[in-house]
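Below: data-v2.tsv (TSV, C-alpha atoms)
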```tsv
chain	number	residue	atom	x	y	z
A	1	MET	CA	91.46	130.04	75.62
A	2	ASN	CA	88.20	131.43	74.27
A	3	ALA	CA	86.52	128.05	74.65
A	4	LEU	CA	87.79	127.84	78.22
A	5	SER	CA	86.26	131.21	79.14
A	6	ILE	CA	82.95	130.12	77.66
A	7	ASP	CA	83.05	126.87	79.64
A	8	LEU	CA	83.83	128.72	82.87
A	9	PHE	CA	81.03	131.20	82.20
A	10	THR	CA	78.64	128.32	81.55
A	11	ILE	CA	79.60	126.54	84.76
A	12	ILE	CA	79.27	129.65	86.93
A	13	SER	CA	76.01	130.71	85.26
A	14	SER	CA	74.55	127.23	85.64
A	15	ILE	CA	75.41	127.08	89.34
A	16	VAL	CA	73.91	130.54	89.93
A	17	LEU	CA	70.70	129.65	88.08
A	18	LEU	CA	70.23	126.37	89.94
A	19	LEU	CA	70.95	127.83	93.38
A	20	LEU	CA	68.72	130.84	92.78
A	21	SER	CA	65.84	128.68	91.55
A	22	ILE	CA	66.04	126.43	94.60
A	23	ALA	CA	66.37	129.43	96.92
A	24	SER	CA	63.38	131.15	95.33
A	25	ALA	CA	61.26	128.05	95.92
A	26	LEU	CA	62.31	127.84	99.58
A	27	LEU	CA	61.79	131.56	100.21
A	28	ASN	CA	58.09	130.91	100.26
A	29	PRO	CA	55.45	131.12	103.03
A	30	PHE	CA	54.06	127.75	101.94
A	31	PHE	CA	57.46	126.19	102.68
A	32	ARG	CA	58.07	128.04	105.97
A	33	PHE	CA	54.74	127.08	107.52
A	34	SER	CA	52.99	123.74	107.18
A	35	LYS	CA	49.70	123.01	108.91
A	36	LYS	CA	50.52	119.33	109.34
A	37	ARG	CA	54.00	120.08	110.65
A	38	TYR	CA	52.56	122.60	113.10
A	39	ASP	CA	49.92	120.13	114.32
A	40	LYS	CA	52.53	117.38	114.70
A	41	TYR	CA	55.17	119.23	116.68
A	42	THR	CA	53.14	121.78	118.62
A	43	GLY	CA	50.54	119.79	120.50
A	44	THR	CA	47.47	121.29	122.13
A	45	ASP	CA	47.80	123.57	125.13
A	46	GLN	CA	44.35	122.50	126.26
A	47	ALA	CA	42.80	124.04	129.34
A	48	SER	CA	42.03	121.64	132.18
A	49	ALA	CA	38.50	123.05	132.22
A	50	ILE	CA	37.09	125.02	129.31
A	51	PRO	CA	36.00	128.44	130.61
A	52	SER	CA	32.85	130.33	129.76
A	53	VAL	CA	33.16	132.73	126.84
A	54	SER	CA	31.38	135.90	125.74
A	55	LEU	CA	30.90	136.09	121.98
A	56	ILE	CA	30.80	139.66	120.59
A	57	LEU	CA	28.76	140.28	117.41
A	58	THR	CA	28.31	143.72	115.83
A	59	PRO	CA	25.82	143.54	112.90
A	60	LEU	CA	26.07	147.19	111.84
A	61	ASP	CA	26.57	147.16	108.09
A	62	ASP	CA	24.32	144.45	106.69
A	63	ILE	CA	21.60	142.95	108.86
A	64	SER	CA	20.59	140.63	106.01
A	65	GLN	CA	23.42	138.36	107.18
A	66	LEU	CA	21.80	137.98	110.60
A	67	LYS	CA	19.20	135.47	109.49
A	68	LYS	CA	21.74	133.46	107.52
A	69	ASN	CA	24.61	133.22	110.02
A	70	LEU	CA	23.39	134.01	113.54
A	71	PRO	CA	21.79	130.55	114.09
A	72	ALA	CA	25.20	128.86	113.76
A	73	PHE	CA	26.59	131.00	116.58
A	74	LEU	CA	23.61	130.27	118.83
A	75	SER	CA	23.71	126.50	118.38
A	76	GLN	CA	27.29	125.71	119.38
A	77	THR	CA	28.00	122.49	121.25
A	78	PHE	CA	29.77	123.95	124.28
A	79	PRO	CA	30.49	122.16	127.58
A	80	THR	CA	29.72	125.18	129.74
A	81	ALA	CA	27.79	128.43	129.58
A	82	TYR	CA	28.53	131.00	126.91
A	83	GLN	CA	27.15	134.45	126.26
A	84	VAL	CA	26.30	136.02	122.92
A	85	VAL	CA	26.48	139.82	123.04
A	86	ILE	CA	24.83	141.49	120.03
A	87	VAL	CA	25.51	145.21	119.58
A	88	ILE	CA	23.04	147.19	117.45
A	89	GLU	CA	22.23	150.85	116.94
A	90	GLN	CA	19.88	152.49	119.39
A	91	GLY	CA	16.39	152.75	117.95
A	92	ASP	CA	16.96	150.04	115.33
A	93	HIS	CA	13.78	148.17	116.17
A	94	ASP	CA	13.80	146.12	112.96
A	95	THR	CA	17.16	144.55	113.81
A	96	GLU	CA	16.14	144.01	117.42
A	97	SER	CA	12.94	142.26	116.34
A	98	LEU	CA	14.82	140.13	113.81
A	99	VAL	CA	17.35	139.07	116.45
A	100	ALA	CA	14.56	138.14	118.86
A	101	ASN	CA	12.84	136.00	116.22
A	102	ILE	CA	16.07	134.21	115.30
A	103	VAL	CA	16.86	133.55	118.95
A	104	ASN	CA	13.43	132.05	119.56
A	105	GLU	CA	13.67	129.85	116.46
A	106	THR	CA	17.22	128.57	116.71
A	107	LYS	CA	18.58	128.76	120.23
A	108	ASN	CA	19.74	125.36	121.41
A	109	LYS	CA	17.39	124.53	124.29
A	110	ASP	CA	20.03	122.30	125.91
A	111	ALA	CA	22.78	124.89	125.69
A	112	GLN	CA	23.52	127.33	128.49
A	113	THR	CA	23.45	130.28	126.11
A	114	ASP	CA	22.76	133.77	127.36
A	115	ILE	CA	21.71	136.28	124.69
A	116	TYR	CA	22.33	139.92	125.52
A	117	ILE	CA	21.57	142.92	123.28
A	118	THR	CA	23.21	146.27	123.87
A	119	TYR	CA	23.06	149.51	121.93
A	120	ILE	CA	25.26	152.15	120.32
A	121	PRO	CA	24.12	155.66	121.27
A	122	LYS	CA	22.76	157.81	118.49
A	123	THR	CA	25.51	160.39	118.90
A	124	TYR	CA	29.24	159.73	119.26
A	125	ARG	CA	32.41	161.48	118.11
A	126	TYR	CA	36.03	160.71	117.23
A	127	VAL	CA	35.65	156.94	117.11
A	128	SER	CA	34.42	154.63	114.38
A	129	LYS	CA	31.04	153.00	114.85
A	130	LYS	CA	32.66	149.57	114.58
A	131	LYS	CA	35.23	150.16	117.31
A	132	LEU	CA	32.59	151.71	119.54
A	133	ALA	CA	30.32	148.70	119.04
A	134	MET	CA	33.11	146.24	119.85
A	135	THR	CA	34.07	148.23	122.96
A	136	LEU	CA	30.47	148.29	124.19
A	137	GLY	CA	30.28	144.57	123.53
A	138	VAL	CA	33.33	143.93	125.71
A	139	LYS	CA	31.90	146.10	128.49
A	140	ALA	CA	28.66	144.09	128.35
A	141	ALA	CA	30.51	140.76	128.44
A	142	LYS	CA	30.09	138.89	131.71
A	143	TYR	CA	33.02	136.50	131.15
A	144	ASP	CA	36.73	137.28	131.06
A	145	TRP	CA	37.32	135.56	127.72
A	146	VAL	CA	35.70	137.44	124.82
A	147	LEU	CA	35.61	136.21	121.23
A	148	PHE	CA	35.32	138.72	118.39
A	149	THR	CA	33.87	137.66	115.05
A	150	GLU	CA	31.52	138.96	112.36
A	151	LEU	CA	28.04	138.12	111.14
A	152	SER	CA	29.37	138.10	107.59
A	153	CYS	CA	30.86	134.79	108.74
A	154	ARG	CA	29.70	131.49	110.17
A	155	PRO	CA	31.43	128.76	112.20
A	156	ALA	CA	32.67	125.77	110.20
A	157	SER	CA	31.16	123.41	112.78
A	158	ALA	CA	29.25	123.21	116.05
A	159	GLN	CA	32.59	122.50	117.79
A	160	TRP	CA	34.11	125.83	116.72
A	161	LEU	CA	33.71	127.60	120.06
A	162	THR	CA	34.93	124.60	122.06
A	163	LEU	CA	38.04	124.22	119.90
A	164	MET	CA	38.88	127.90	120.26
A	165	ALA	CA	38.19	127.97	124.01
A	166	ARG	CA	40.36	124.92	124.74
A	167	HIS	CA	43.36	127.25	124.42
A	168	CYS	CA	42.09	129.55	127.18
A	169	THR	CA	44.86	128.71	129.62
A	170	GLN	CA	46.65	130.74	132.25
A	171	ASP	CA	49.63	131.19	129.91
A	172	ASN	CA	47.69	132.48	126.90
A	173	ASN	CA	46.14	135.90	126.45
A	174	LEU	CA	45.21	135.53	122.76
A	175	VAL	CA	43.78	132.72	120.66
A	176	ILE	CA	43.88	133.31	116.91
A	177	GLY	CA	41.78	131.13	114.62
A	178	TYR	CA	41.76	130.70	110.85
A	179	THR	CA	39.25	132.43	108.58
A	180	ALA	CA	38.50	131.09	105.09
A	181	TYR	CA	36.35	132.51	102.33
A	182	ASP	CA	33.45	130.32	101.27
A	183	ARG	CA	33.55	128.45	97.96
A	184	ALA	CA	31.47	131.09	96.16
A	185	THR	CA	34.42	133.49	96.46
A	186	PRO	CA	36.62	133.84	93.34
A	187	SER	CA	39.64	131.57	93.54
A	188	PHE	CA	42.22	134.39	93.52
A	189	ARG	CA	40.69	135.96	96.62
A	190	ARG	CA	40.68	132.63	98.42
A	191	PHE	CA	44.29	132.04	97.41
A	192	GLU	CA	45.40	135.51	98.46
A	193	ARG	CA	43.93	135.11	101.95
A	194	MET	CA	45.45	131.65	102.35
A	195	TYR	CA	48.85	132.89	101.13
A	196	GLU	CA	48.84	135.91	103.43
A	197	SER	CA	47.64	133.74	106.31
A	198	HIS	CA	50.77	131.60	106.03
A	199	TYR	CA	52.97	134.60	106.83
A	200	LEU	CA	50.77	135.51	109.80
A	201	MET	CA	50.36	131.95	111.11
A	202	ARG	CA	54.13	131.46	111.06
A	203	ALA	CA	54.62	134.64	113.10
A	204	THR	CA	52.11	133.38	115.67
A	205	ALA	CA	53.64	129.90	115.71
A	206	LYS	CA	57.06	131.48	116.31
A	207	GLY	CA	55.68	133.14	119.43
A	208	MET	CA	54.96	136.74	118.44
A	209	PRO	CA	51.85	137.45	116.32
A	210	PHE	CA	51.88	140.44	113.99
A	211	ARG	CA	48.22	140.79	113.02
A	212	THR	CA	45.34	138.69	111.70
A	213	ASN	CA	43.57	138.79	108.35
A	214	GLY	CA	40.43	137.09	109.63
A	215	TYR	CA	37.59	137.39	112.12
A	216	ASN	CA	38.30	134.67	114.65
A	217	LEU	CA	39.93	136.19	117.71
A	218	LEU	CA	39.68	135.28	121.39
A	219	MET	CA	41.21	137.48	124.10
A	220	ARG	CA	40.83	138.52	127.72
A	221	LYS	CA	38.36	141.24	128.69
A	222	LYS	CA	40.69	142.21	131.52
A	223	ASP	CA	43.51	143.06	129.08
A	224	PHE	CA	41.17	145.04	126.83
A	225	MET	CA	39.80	147.14	129.68
A	226	GLU	CA	43.08	147.69	131.54
A	227	GLN	CA	44.92	148.78	128.38
A	228	ASP	CA	42.14	151.06	127.13
A	229	GLY	CA	40.85	148.95	124.28
A	230	PHE	CA	41.49	150.56	120.91
A	231	LEU	CA	43.51	153.47	122.29
A	232	GLY	CA	46.23	154.15	119.73
A	233	ASN	CA	43.97	153.24	116.82
A	234	LEU	CA	40.84	155.28	117.53
A	235	HIS	CA	41.44	157.76	114.72
A	236	LEU	CA	41.22	155.03	112.06
A	237	MET	CA	37.92	153.82	110.66
A	238	ARG	CA	38.86	150.14	110.47
A	239	GLY	CA	41.69	147.73	111.23
A	240	GLU	CA	40.16	146.49	114.50
A	241	TYR	CA	41.33	142.88	114.40
A	242	ASP	CA	44.82	143.75	113.15
A	243	PHE	CA	45.24	146.28	115.93
A	244	LEU	CA	43.97	144.01	118.71
A	245	VAL	CA	46.45	141.28	117.82
A	246	ASN	CA	49.30	143.73	117.31
A	247	LYS	CA	48.69	145.64	120.55
A	248	TYR	CA	47.82	142.82	122.92
A	249	ALA	CA	50.19	140.11	121.71
A	250	ARG	CA	52.84	139.05	124.22
A	251	LYS	CA	55.82	136.81	123.58
A	252	ASN	CA	54.79	133.13	123.62
A	253	CYS	CA	51.32	133.95	124.99
A	254	ALA	CA	49.23	133.46	121.84
A	255	ALA	CA	47.71	130.17	120.68
A	256	LEU	CA	47.02	129.33	117.05
A	257	GLU	CA	43.94	127.20	116.34
A	258	ILE	CA	43.78	125.99	112.73
A	259	SER	CA	41.92	122.68	112.85
A	260	SER	CA	39.25	122.74	110.14
A	261	ASN	CA	36.33	122.48	112.59
A	262	ALA	CA	37.56	125.64	114.32
A	263	TRP	CA	37.54	127.80	111.20
A	264	ILE	CA	35.31	130.76	110.57
A	265	VAL	CA	33.96	130.85	107.01
A	266	GLU	CA	33.37	134.30	105.56
A	267	ASP	CA	30.68	134.93	102.95
A	268	ALA	CA	31.97	135.98	99.52
A	269	PRO	CA	32.73	139.71	99.73
A	270	THR	CA	31.55	142.18	97.13
A	271	ASP	CA	34.19	143.79	94.91
A	272	LYS	CA	33.89	146.99	96.94
A	273	THR	CA	34.26	145.19	100.27
A	274	PHE	CA	37.26	143.22	99.02
A	275	LEU	CA	39.04	146.35	97.77
A	276	ASN	CA	38.22	148.30	100.92
A	277	LYS	CA	39.85	145.61	103.06
A	278	HIS	CA	43.14	146.22	101.29
A	279	LEU	CA	42.79	150.00	101.40
A	280	TYR	CA	41.96	150.02	105.11
A	281	LEU	CA	44.96	147.76	105.76
A	282	LEU	CA	47.25	150.18	103.93
A	283	ALA	CA	45.81	153.04	105.98
A	284	SER	CA	46.42	151.26	109.28
A	285	SER	CA	49.59	149.24	108.63
A	286	SER	CA	51.98	152.09	109.42
A	287	TYR	CA	50.59	152.11	112.97
A	288	LEU	CA	51.36	148.43	113.57
A	289	ASN	CA	54.45	147.31	115.46
A	290	ARG	CA	56.79	144.66	114.01
A	291	ARG	CA	55.76	145.64	110.50
A	292	ALA	CA	59.26	145.93	109.02
A	293	TRP	CA	60.12	142.22	109.27
A	294	GLN	CA	56.85	141.09	107.67
A	295	LYS	CA	57.29	143.58	104.86
A	296	LEU	CA	60.90	142.47	104.33
A	297	LEU	CA	59.86	138.81	104.09
A	298	PHE	CA	57.36	139.51	101.32
A	299	ILE	CA	59.83	141.68	99.39
A	300	MET	CA	62.58	139.07	99.73
A	301	ASP	CA	60.29	136.22	98.66
A	302	HIS	CA	58.98	137.95	95.56
A	303	THR	CA	62.28	139.53	94.56
A	304	THR	CA	63.95	136.12	94.44
A	305	LEU	CA	60.91	134.61	92.70
A	306	HIS	CA	60.86	137.11	89.85
A	307	LEU	CA	64.64	137.49	89.65
A	308	SER	CA	65.07	133.74	89.32
A	309	ASN	CA	62.51	133.49	86.53
A	310	LEU	CA	63.91	136.52	84.73
A	311	LEU	CA	67.48	135.21	84.82
A	312	CYS	CA	66.38	131.78	83.59
A	313	VAL	CA	64.57	133.34	80.63
A	314	MET	CA	67.47	135.68	79.83
A	315	ALA	CA	70.00	132.85	80.10
A	316	ALA	CA	67.91	130.63	77.82
A	317	ILE	CA	67.62	133.37	75.18
A	318	TYR	CA	71.35	134.12	75.38
A	319	ALA	CA	72.27	130.44	75.18
A	320	ALA	CA	69.98	129.84	72.20
A	321	PHE	CA	71.59	132.68	70.23
A	322	ARG	CA	75.10	131.52	71.17
A	323	ASP	CA	74.38	127.82	70.58
A	324	ASN	CA	75.38	127.17	74.18
A	325	TRP	CA	73.29	124.06	74.68
A	326	PRO	CA	74.55	123.16	78.19
A	327	LEU	CA	73.54	126.60	79.46
A	328	LEU	CA	70.21	126.41	77.66
A	329	GLY	CA	69.48	123.04	79.24
A	330	THR	CA	70.46	124.31	82.67
A	331	ALA	CA	68.30	127.43	82.32
A	332	VAL	CA	65.26	125.37	81.36
A	333	GLY	CA	65.99	122.80	84.07
A	334	ALA	CA	66.45	125.47	86.75
A	335	PHE	CA	63.16	127.09	85.78
A	336	LEU	CA	61.35	123.74	85.93
A	337	ILE	CA	62.91	122.90	89.30
A	338	GLY	CA	61.67	126.18	90.75
A	339	VAL	CA	58.19	125.76	89.28
A	340	THR	CA	57.95	122.14	90.44
A	341	LEU	CA	58.99	122.89	94.01
A	342	ARG	CA	56.66	125.86	94.28
A	343	GLY	CA	53.85	123.78	92.82
A	344	LEU	CA	54.40	121.04	95.40
A	345	PHE	CA	54.39	123.52	98.29
A	346	ALA	CA	51.28	125.21	96.92
A	347	ARG	CA	49.49	121.88	96.52
A	348	ARG	CA	50.30	120.99	100.13
A	349	ALA	CA	48.88	124.30	101.36
A	350	VAL	CA	45.78	124.03	99.18
A	351	THR	CA	45.16	120.51	100.48
A	352	ASP	CA	45.76	121.46	104.13
A	353	PHE	CA	43.30	124.33	103.94
A	354	GLU	CA	40.77	122.51	101.77
A	355	GLU	CA	40.81	124.93	98.85
A	356	SER	CA	39.71	123.84	95.38
A	357	ILE	CA	42.56	125.58	93.55
A	358	SER	CA	44.81	123.73	91.11
A	359	PRO	CA	48.60	123.98	91.63
A	360	LEU	CA	49.01	125.64	88.22
A	361	LYS	CA	46.43	128.27	89.06
A	362	ALA	CA	48.06	128.76	92.46
A	363	LEU	CA	51.43	129.33	90.76
A	364	PHE	CA	49.92	131.92	88.44
A	365	PHE	CA	48.25	133.71	91.35
A	366	GLU	CA	51.54	133.72	93.27
A	367	TYR	CA	53.39	135.30	90.36
A	368	THR	CA	50.81	138.11	90.19
A	369	LEU	CA	50.63	138.91	93.92
A	370	ALA	CA	53.36	141.57	93.92
A	371	PHE	CA	51.68	143.37	91.02
A	372	ARG	CA	48.30	143.17	92.76
A	373	ARG	CA	49.81	144.76	95.85
A	374	LEU	CA	51.20	147.54	93.71
A	375	GLN	CA	47.71	148.05	92.28
A	376	TYR	CA	46.22	148.33	95.80
A	377	LYS	CA	48.87	150.88	96.75
A	378	LEU	CA	48.10	152.98	93.69
A	379	ARG	CA	44.38	152.89	94.51
A	380	TYR	CA	45.18	153.96	98.06
A	381	ARG	CA	47.37	156.85	96.91
A	382	MET	CA	44.51	158.11	94.74
A	383	ALA	CA	41.89	157.73	97.48
A	384	ASP	CA	40.65	160.50	99.75
A	385	LYS	CA	42.52	159.92	103.03
A	386	ASN	CA	39.59	161.36	104.99
A	387	ASP	CA	37.73	158.15	104.13
A	388	PHE	CA	40.04	156.24	106.47
A	389	THR	CA	39.90	158.44	109.56
A	390	THR	CA	37.31	159.53	112.10
A	391	HIS	CA	39.03	162.92	112.46
A	392	LYS	CA	37.87	164.61	109.27
A	393	LEU	CA	39.77	167.71	108.20
```
Structure translated into C-alpha cells:
Amino acid sequence: MNALSIDLFTIISSIVLLLLSIASALLNPFFRFSKKRYDKYTGTDQASAIPSVSLILTPLDDISQLKKNLPAFLSQTFPTAYQVVIVIEQGDHDTESLVANIVNETKNKDAQTDIYITYIPKTYRYVSKKKLAMTLGVKAAKYDWVLFTELSCRPASAQWLTLMARHCTQDNNLVIGYTAYDRATPSFRRFERMYESHYLMRATAKGMPFRTNGYNLLMRKKDFMEQDGFLGNLHLMRGEYDFLVNKYARKNCAALEISSNAWIVEDAPTDKTFLNKHLYLLASSSYLNRRAWQKLLFIMDHTTLHLSNLLCVMAAIYAAFRDNWPLLGTAVGAFLIGVTLRGLFARRAVTDFEESISPLKALFFEYTLAFRRLQYKLRYRMADKNDFTTHKL
C-alpha cells in the first residue's frame, strides 16, 4: 500500500513537472512572435506609390551626435522628395552652423531632399522641451507623413526610409520600425531590448499596438494636429514615442516593418541614459491604455519560468533524499527540456535580429529579467517624482 502511494505520487509529480516545463518554455515572447513567421504569412502592404515624407529630428541633448549620424539621414535613397526638419534651440548658433556644414558636405546631390531648420523659443512653460520640439517639427512638416527618430541613432541602410514609407497606405495610420542597439552596447542591454520588442511586435502584428521601445515611428501629420499632439501626456518629461503609439493606434491600422535594412541603430547609451529610460517608462506607463494585458503576459511568463525551475530543483532534492530515482530522473529531464526549448527559441530570435549573444547567455539574461525589473522599480520609488514631470510642486 505504501509503495503504491509512492508510485502514484511519482507519476503525478512527474506529469506535473513535465507539463509545467513545457508550458514555461511556450509562455515566452520568443515563441509567440517569430520574425520569419511574420514575414512569411503577413506579406507587404506596399503603397502603389511611395509618398513624400517629412523626417523630424530634435538634437537637443547632445549635438556631438549630429556630425556622426546626420549624414546617414541626409543620404537616403528615396524615390521621391523627402524633407528633413531639424529642431534646435533659438540662439544656438553653434548647432545651426554645424548643421549647415554637414548639409553642405553630405547632402545627396541627386536626392530631392529639403532641409528645414526651425527653433524652440527661449521661454516655454508646462511642456517638456522634447515634446515641444517634436510638435514644432510636425507643424513645420510640409508632408502628411512624418517620421520621428533621434540623432542618437542612424539608419541601418540607405533604403531605410523607402522601406518604412512603403507601408504608407490609405489603411495605415502608423508604421512602427525596429530599433537595435549597436554592437558596442553591453549584451544584456541588447538582449533586454530585443526581448521586450518581441512583446511589442506581437501586439502590433495582432492589430493593436501598445507602445514602442525604439525611435523609428512614422505617422500622419493630420492625426497629430487634429488630436492635439501630446495632449494627455504633456505633464510628463519623456515617454513621447510610447505615448504616440498608444494614443494614435487604431485597430488593424498599424504596419510593422522589421526587415534588417529598415532598422534604426541606436548608439550605445551611457549608464545614466539607460537607467533613465526605465525610470521614465515607469513614470509614464500608468497613463498608457491597454497596459494591463501586457503586464499580465510578463508576469505569467516569468511566474511559470521560475516556478517550473523551482519545482524541478525541489523535486530533485526530495527524490535524492528518498532514493526515488524515477522522480529524480524526471525532474532533471523536465528541467533540461525547459532549458533546451527556451534555448532554441532564444537562438532563433538572436539569429533573426542579428545579435551576437550566445543561447546560454540569453537564457541567463532571461532568468534575471524579473529581478532587473524589480530593481528598476525600487530605483523609481526612491527617485524624486518631480524629475519626471513638467509641473513642479
Item to check | Separation of atom CA of A:Arg347 from atom CA of A:Phe364 in Å | outcome: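 Spanning atom CA of A:Phe364 to atom CA of A:Arg347 is a straight-line distance of 12.9 Å.
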Checklist entry - What residues have an atom no more than 12 Å from (42.9, 156.7, 113.7) in the file's own frame, counting all atoms listed in the file, and can you write them as a PyMOL selection string? => result chain A and resi 126-128+131+230-240+243+280+283-288+385-392
Next on the checklist: Env of A:Leu328: 9 Å cut, atoms = only C-alpha atoms, seq-sep filter 5 positions within chain, self excluded. Answer as JSON, numbers by chain.
Outcome noted: {"A": [312, 315, 316, 317, 318, 319, 320, 323, 333]}
Enumerate, in order of chain and increasing residue number, the residues of stretch 80-122 of chain A with an atom no farther than 9 Å from stretch 132-140 of chain A, each with its shortest atom pair and distance in Å to one decimal, counting all atoms listed in the file, as a Markdown table.
```
| residue | atom | partner | partner_atom | distance |
| --- | --- | --- | --- | --- |
| A:Val85 | CA | A:Gly137 | CA | 6.1 |
| A:Ile86 | CA | A:Gly137 | CA | 7.2 |
| A:Val87 | CA | A:Ala133 | CA | 6.0 |
| A:Ile88 | CA | A:Ala133 | CA | 7.6 |
| A:Glu89 | CA | A:Ala133 | CA | 8.6 |
| A:Tyr116 | CA | A:Ala140 | CA | 8.1 |
| A:Ile117 | CA | A:Ala140 | CA | 8.8 |
| A:Thr118 | CA | A:Gly137 | CA | 7.3 |
| A:Tyr119 | CA | A:Leu136 | CA | 7.8 |
| A:Ile120 | CA | A:Ala133 | CA | 6.3 |
```
Checklist entry - So how far away is atom CA of A:Asn213 from atom CA of A:Tyr178, in Å? => result 8.7 Å
May I ask you to restore N, CA and C atoms in stretch 292-309 of chain A and write the result as a PDB file, keeping the file's coordinate frame?
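To be explicit, this is the file written out as selection-v1.pdb:
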```
ATOM      1  N   ALA A 292      58.114 145.939 109.934  1.00  0.00           N
ATOM      2  CA  ALA A 292      59.260 145.930 109.020  1.00  0.00           C
ATOM      3  C   ALA A 292      59.659 144.517 108.616  1.00  0.00           C
ATOM      4  N   TRP A 293      59.694 143.584 109.575  1.00  0.00           N
ATOM      5  CA  TRP A 293      60.120 142.220 109.270  1.00  0.00           C
ATOM      6  C   TRP A 293      59.141 141.533 108.327  1.00  0.00           C
ATOM      7  N   GLN A 294      57.846 141.701 108.550  1.00  0.00           N
ATOM      8  CA  GLN A 294      56.850 141.090 107.670  1.00  0.00           C
ATOM      9  C   GLN A 294      56.938 141.659 106.260  1.00  0.00           C
ATOM     10  N   LYS A 295      57.158 142.940 106.172  1.00  0.00           N
ATOM     11  CA  LYS A 295      57.290 143.580 104.860  1.00  0.00           C
ATOM     12  C   LYS A 295      58.547 143.081 104.150  1.00  0.00           C
ATOM     13  N   LEU A 296      59.640 142.950 104.906  1.00  0.00           N
ATOM     14  CA  LEU A 296      60.900 142.470 104.330  1.00  0.00           C
ATOM     15  C   LEU A 296      60.760 141.049 103.799  1.00  0.00           C
ATOM     16  N   LEU A 297      60.053 140.190 104.537  1.00  0.00           N
ATOM     17  CA  LEU A 297      59.860 138.810 104.090  1.00  0.00           C
ATOM     18  C   LEU A 297      59.171 138.755 102.742  1.00  0.00           C
ATOM     19  N   PHE A 298      58.094 139.518 102.590  1.00  0.00           N
ATOM     20  CA  PHE A 298      57.360 139.510 101.320  1.00  0.00           C
ATOM     21  C   PHE A 298      58.244 140.027 100.188  1.00  0.00           C
ATOM     22  N   ILE A 299      58.957 141.121 100.429  1.00  0.00           N
ATOM     23  CA  ILE A 299      59.830 141.680  99.390  1.00  0.00           C
ATOM     24  C   ILE A 299      60.918 140.683  99.010  1.00  0.00           C
ATOM     25  N   MET A 300      61.526 140.049  99.989  1.00  0.00           N
ATOM     26  CA  MET A 300      62.580 139.070  99.730  1.00  0.00           C
ATOM     27  C   MET A 300      62.033 137.884  98.931  1.00  0.00           C
ATOM     28  N   ASP A 301      60.876 137.371  99.340  1.00  0.00           N
ATOM     29  CA  ASP A 301      60.290 136.220  98.660  1.00  0.00           C
ATOM     30  C   ASP A 301      60.003 136.521  97.195  1.00  0.00           C
ATOM     31  N   HIS A 302      59.400 137.664  96.936  1.00  0.00           N
ATOM     32  CA  HIS A 302      58.980 137.950  95.560  1.00  0.00           C
ATOM     33  C   HIS A 302      60.103 138.516  94.714  1.00  0.00           C
ATOM     34  N   THR A 303      61.101 139.115  95.328  1.00  0.00           N
ATOM     35  CA  THR A 303      62.280 139.530  94.560  1.00  0.00           C
ATOM     36  C   THR A 303      63.020 138.314  94.029  1.00  0.00           C
ATOM     37  N   THR A 304      63.250 137.330  94.892  1.00  0.00           N
ATOM     38  CA  THR A 304      63.950 136.120  94.440  1.00  0.00           C
ATOM     39  C   THR A 304      63.103 135.335  93.434  1.00  0.00           C
ATOM     40  N   LEU A 305      61.790 135.313  93.633  1.00  0.00           N
ATOM     41  CA  LEU A 305      60.910 134.610  92.700  1.00  0.00           C
ATOM     42  C   LEU A 305      61.029 135.190  91.297  1.00  0.00           C
ATOM     43  N   HIS A 306      60.857 136.490  91.176  1.00  0.00           N
ATOM     44  CA  HIS A 306      60.860 137.110  89.850  1.00  0.00           C
ATOM     45  C   HIS A 306      62.272 137.230  89.279  1.00  0.00           C
ATOM     46  N   LEU A 307      63.259 137.439  90.137  1.00  0.00           N
ATOM     47  CA  LEU A 307      64.640 137.490  89.650  1.00  0.00           C
ATOM     48  C   LEU A 307      65.069 136.141  89.104  1.00  0.00           C
ATOM     49  N   SER A 308      64.725 135.080  89.784  1.00  0.00           N
ATOM     50  CA  SER A 308      65.070 133.740  89.320  1.00  0.00           C
ATOM     51  C   SER A 308      64.456 133.449  87.957  1.00  0.00           C
ATOM     52  N   ASN A 309      63.174 133.740  87.818  1.00  0.00           N
ATOM     53  CA  ASN A 309      62.510 133.490  86.530  1.00  0.00           C
ATOM     54  C   ASN A 309      63.092 134.351  85.421  1.00  0.00           C
TER      55      ASN A 309
END
```
